[in-house]
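Undergrad: Handing over coords_25.txt, compact mmCIF, C-alpha atoms.
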```
# COMPACT_ATOMS: atom_id res chain seq x y z
CA MET E 1 245.17 -33.58 153.81
CA THR E 2 247.54 -35.36 151.45
CA ARG E 3 248.93 -37.48 154.25
CA TRP E 4 245.43 -38.73 155.13
CA ARG E 5 244.78 -39.80 151.57
CA VAL E 6 247.99 -41.82 151.53
CA ALA E 7 247.50 -43.40 154.94
CA ARG E 8 243.82 -44.20 154.52
CA PRO E 9 244.20 -47.01 151.92
CA ALA E 10 246.93 -48.61 154.01
CA LEU E 11 244.71 -48.49 157.10
CA GLN E 12 241.77 -49.92 155.17
CA ALA E 13 243.93 -52.73 153.80
CA ARG E 14 245.10 -53.71 157.29
CA THR E 15 241.57 -53.56 158.66
CA MET E 16 240.13 -55.63 155.82
CA GLU E 17 242.97 -58.13 156.10
CA GLY E 18 242.19 -58.60 159.79
CA LEU E 19 238.51 -59.04 159.06
CA LEU E 20 239.10 -61.57 156.33
CA HIS E 21 241.32 -63.77 158.50
CA THR E 22 239.24 -63.59 161.68
CA PRO E 23 236.12 -65.73 161.63
CA ALA E 24 233.24 -63.95 163.36
CA MET E 25 231.28 -66.43 165.44
CA ILE E 26 227.93 -65.33 166.79
CA TYR E 27 225.80 -67.36 169.17
CA LYS E 28 222.03 -66.96 169.17
CA PHE E 29 220.52 -68.63 172.21
CA ARG E 30 216.80 -69.37 171.97
CA SER E 31 214.06 -70.62 174.24
CA LYS E 32 210.29 -70.57 173.96
CA ALA E 33 210.21 -69.18 177.51
CA ALA E 34 212.32 -66.06 176.81
CA GLY E 35 213.48 -63.78 174.03
CA ASP E 36 216.55 -64.61 171.99
CA THR E 37 219.96 -63.66 173.36
CA VAL E 38 222.81 -62.94 170.96
CA MET E 39 226.45 -63.15 172.04
CA LEU E 40 229.69 -62.70 170.15
CA GLY E 41 231.95 -65.71 169.88
CA PRO E 42 234.38 -65.07 172.76
CA GLN E 43 231.59 -64.23 175.19
CA GLY E 44 229.49 -67.19 174.07
CA ASP E 45 232.51 -69.46 174.49
CA GLN E 46 233.05 -68.02 177.98
CA PHE E 47 229.41 -68.73 178.88
CA LEU E 48 229.56 -72.31 177.60
CA ARG E 49 232.82 -73.01 179.45
CA ALA E 50 231.32 -71.54 182.63
CA ILE E 51 228.50 -74.10 182.53
CA GLY E 52 230.95 -76.92 181.80
CA ARG E 53 230.39 -77.26 178.06
CA GLU E 54 232.84 -77.12 175.22
CA PRO E 55 232.06 -74.30 172.78
CA SER E 56 230.18 -75.59 169.75
CA SER E 57 228.11 -74.12 166.95
CA GLN E 58 225.00 -76.08 168.03
CA GLY E 59 223.72 -77.31 171.33
CA ILE E 60 220.98 -77.62 173.89
CA ILE E 61 220.64 -77.12 177.61
CA GLU E 62 218.00 -79.56 178.78
CA VAL E 63 215.72 -78.63 181.68
CA ALA E 64 217.32 -81.34 183.84
CA ALA E 65 220.75 -79.71 183.38
CA MET E 66 219.60 -76.17 184.21
CA PRO E 67 220.05 -76.29 188.02
CA ALA E 68 223.68 -77.36 187.57
CA ALA E 69 224.20 -74.70 184.89
CA LEU E 70 222.81 -71.97 187.16
CA THR E 71 225.02 -73.13 190.03
CA ALA E 72 228.09 -73.13 187.78
CA LEU E 73 227.25 -69.65 186.49
CA GLN E 74 226.80 -68.33 190.03
CA GLN E 75 230.19 -69.77 191.05
CA ALA E 76 231.90 -68.23 188.01
CA ILE E 77 230.30 -64.85 188.74
CA GLU E 78 231.38 -64.98 192.40
CA GLN E 79 234.96 -65.85 191.40
CA ASP E 80 235.04 -62.97 188.91
CA ASP E 81 233.61 -60.56 191.51
CA ALA E 82 236.27 -61.62 194.02
CA ALA E 83 239.06 -61.19 191.48
CA ARG E 84 237.79 -57.75 190.51
CA ALA E 85 237.52 -56.66 194.15
CA GLN E 86 241.25 -57.28 194.57
CA GLN E 87 242.20 -55.12 191.59
CA PRO E 88 241.56 -51.47 190.82
CA ASP E 89 238.39 -51.10 188.81
CA HIS E 90 239.68 -48.65 186.25
CA GLU E 91 238.53 -50.02 182.93
CA ALA E 92 241.69 -48.85 181.18
CA LEU E 93 243.88 -50.76 183.64
CA LEU E 94 241.81 -53.89 183.20
CA GLU E 95 242.01 -53.64 179.42
CA ALA E 96 245.76 -53.00 179.57
CA ALA E 97 246.16 -56.13 181.70
CA GLY E 98 244.21 -58.15 179.14
CA ARG E 99 241.11 -58.49 181.33
CA ASP E 100 237.60 -57.84 180.14
CA PRO E 101 236.42 -54.50 181.55
CA ILE E 102 232.83 -55.77 181.68
CA ALA E 103 232.09 -57.81 184.80
CA LEU E 104 231.01 -61.39 184.27
CA ARG E 105 227.90 -60.62 186.36
CA ARG E 106 226.74 -58.15 183.69
CA ARG E 107 227.91 -60.22 180.76
CA LEU E 108 226.07 -63.39 181.84
CA TRP E 109 222.93 -61.85 183.37
CA PRO E 110 220.81 -62.30 180.19
CA MET E 111 221.71 -65.99 180.06
CA VAL E 112 221.02 -66.52 183.77
CA GLU E 113 217.58 -64.97 183.30
CA MET E 114 216.92 -67.02 180.16
CA ILE E 115 217.83 -70.25 181.94
CA ARG E 116 215.67 -69.36 184.96
CA ARG E 117 212.66 -68.61 182.75
CA ALA E 118 213.21 -71.71 180.62
CA GLN E 119 213.47 -73.85 183.74
CA ALA E 120 210.24 -72.40 185.15
CA ALA E 121 208.45 -73.05 181.83
CA ASP E 122 210.02 -76.51 181.40
CA GLU E 123 211.56 -75.51 178.04
CA PRO E 124 215.11 -76.15 176.79
CA VAL E 125 217.60 -73.50 175.68
CA VAL E 126 219.09 -74.13 172.22
CA TRP E 127 221.59 -72.44 169.93
CA GLY E 128 222.70 -72.87 166.36
CA VAL E 129 219.52 -74.60 165.18
```
With the file now loaded, output its structure as structure tokens.
TA:
Amino acid sequence: MTRWRVARPALQARTMEGLLHTPAMIYKFRSKAAGDTVMLGPQGDQFLRAIGREPSSQGIIEVAAMPAALTALQQAIEQDDAARAQQPDHEALLEAAGRDPIALRRRLWPMVEMIRRAQAADEPVVWGV
């Protein structure tokens, strides 16, 4: 019990230090055609890079750009599926190797659906506004 009381402040200090020095970026993608989708920074960056955009705090996907974005997302998902098929699918092994244990297909599905709905309704997808 005494050891926990000594170690706890040190653990809290390290945790708080990490939180203070790590900016937490959150993306909130919006469209009038679908509900909002929230993604943490690394996953939002991954999505934007997959559609050929540089990560930024604000942006828009115009309706004219949506077919290309959907094609790019499908290609990224297929590449990730192929890479995962070649490796064992134990989540612990993937994490140990520095790979995301969540498949890109699952991670990007909400955005694929949002873009499809926005395209059908002729509405843009925006974030950071």
Undergrad: Let me make sure I understand: among E:Gly59, E:Gly52, E:Pro67, E:Gly44, which one has the smallest atom-to-atom distance to Gln119 in chain E if we use only C-alpha atoms?
TA: E:Pro67
Undergrad: One decimal, in Å: what's the spacing between CA of Met66 in chain E and CA of Val125 in chain E?
TA: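 Between CA of Met66 in chain E and CA of Val125 in chain E the gap is 9.2 Å.
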Undergrad: Which neighbours of range 40-42 of chain E fall inside 8 Å, counting only C-alpha atoms, when residues of the same chain fewer than 6 positions from it are skipped, and could you give them as a count of residues only?
TA: 4
Undergrad: Can you tell me how far CA of Gln86 in chain E sits from CA of Phe47 in chain E, in Å to one decimal?
TA: 22.7 Å
Undergrad: One decimal, in Å: what's the spacing between CA of Leu104 in chain E and CA of Ala76 in chain E?
TA: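 For CA of Leu104 in chain E relative to CA of Ala76 in chain E, the distance reads 7.8 Å.
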Undergrad: Of the candidates E:Leu108, E:Ala103, E:Ala68, E:Gly35, which shows the shortest atom-to-atom distance to Ala85 in chain E, using only C-alpha atoms?
TA: E:Ala103
Undergrad: Mind checking which residues fall within 12 Å of Arg105 in chain E, counting all atoms listed in the file, ignoring those fewer than 3 positions away in the same chain, and posting them as an NGL selection string?
TA: :E and (47 or 73-82 or 84 or 100-102 or 108-113)
Undergrad: Given all atoms listed in the file as the basis, pick out the residue of E:Val129, E:Ala69, E:Ala83, E:Leu48 nearest to Arg116 in chain E.
TA: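 Using all atoms listed in the file, the shortest distance to Arg116 in chain E belongs to E:Ala69.
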Undergrad: Fewer than 5 positions away in the same chain doesn't count, so skip those; otherwise give me all residues within 10 Å of Trp127 in chain E, counting all atoms listed in the file, as number ranges by chain.
TA: E: 27-31, 36-38, 56-61
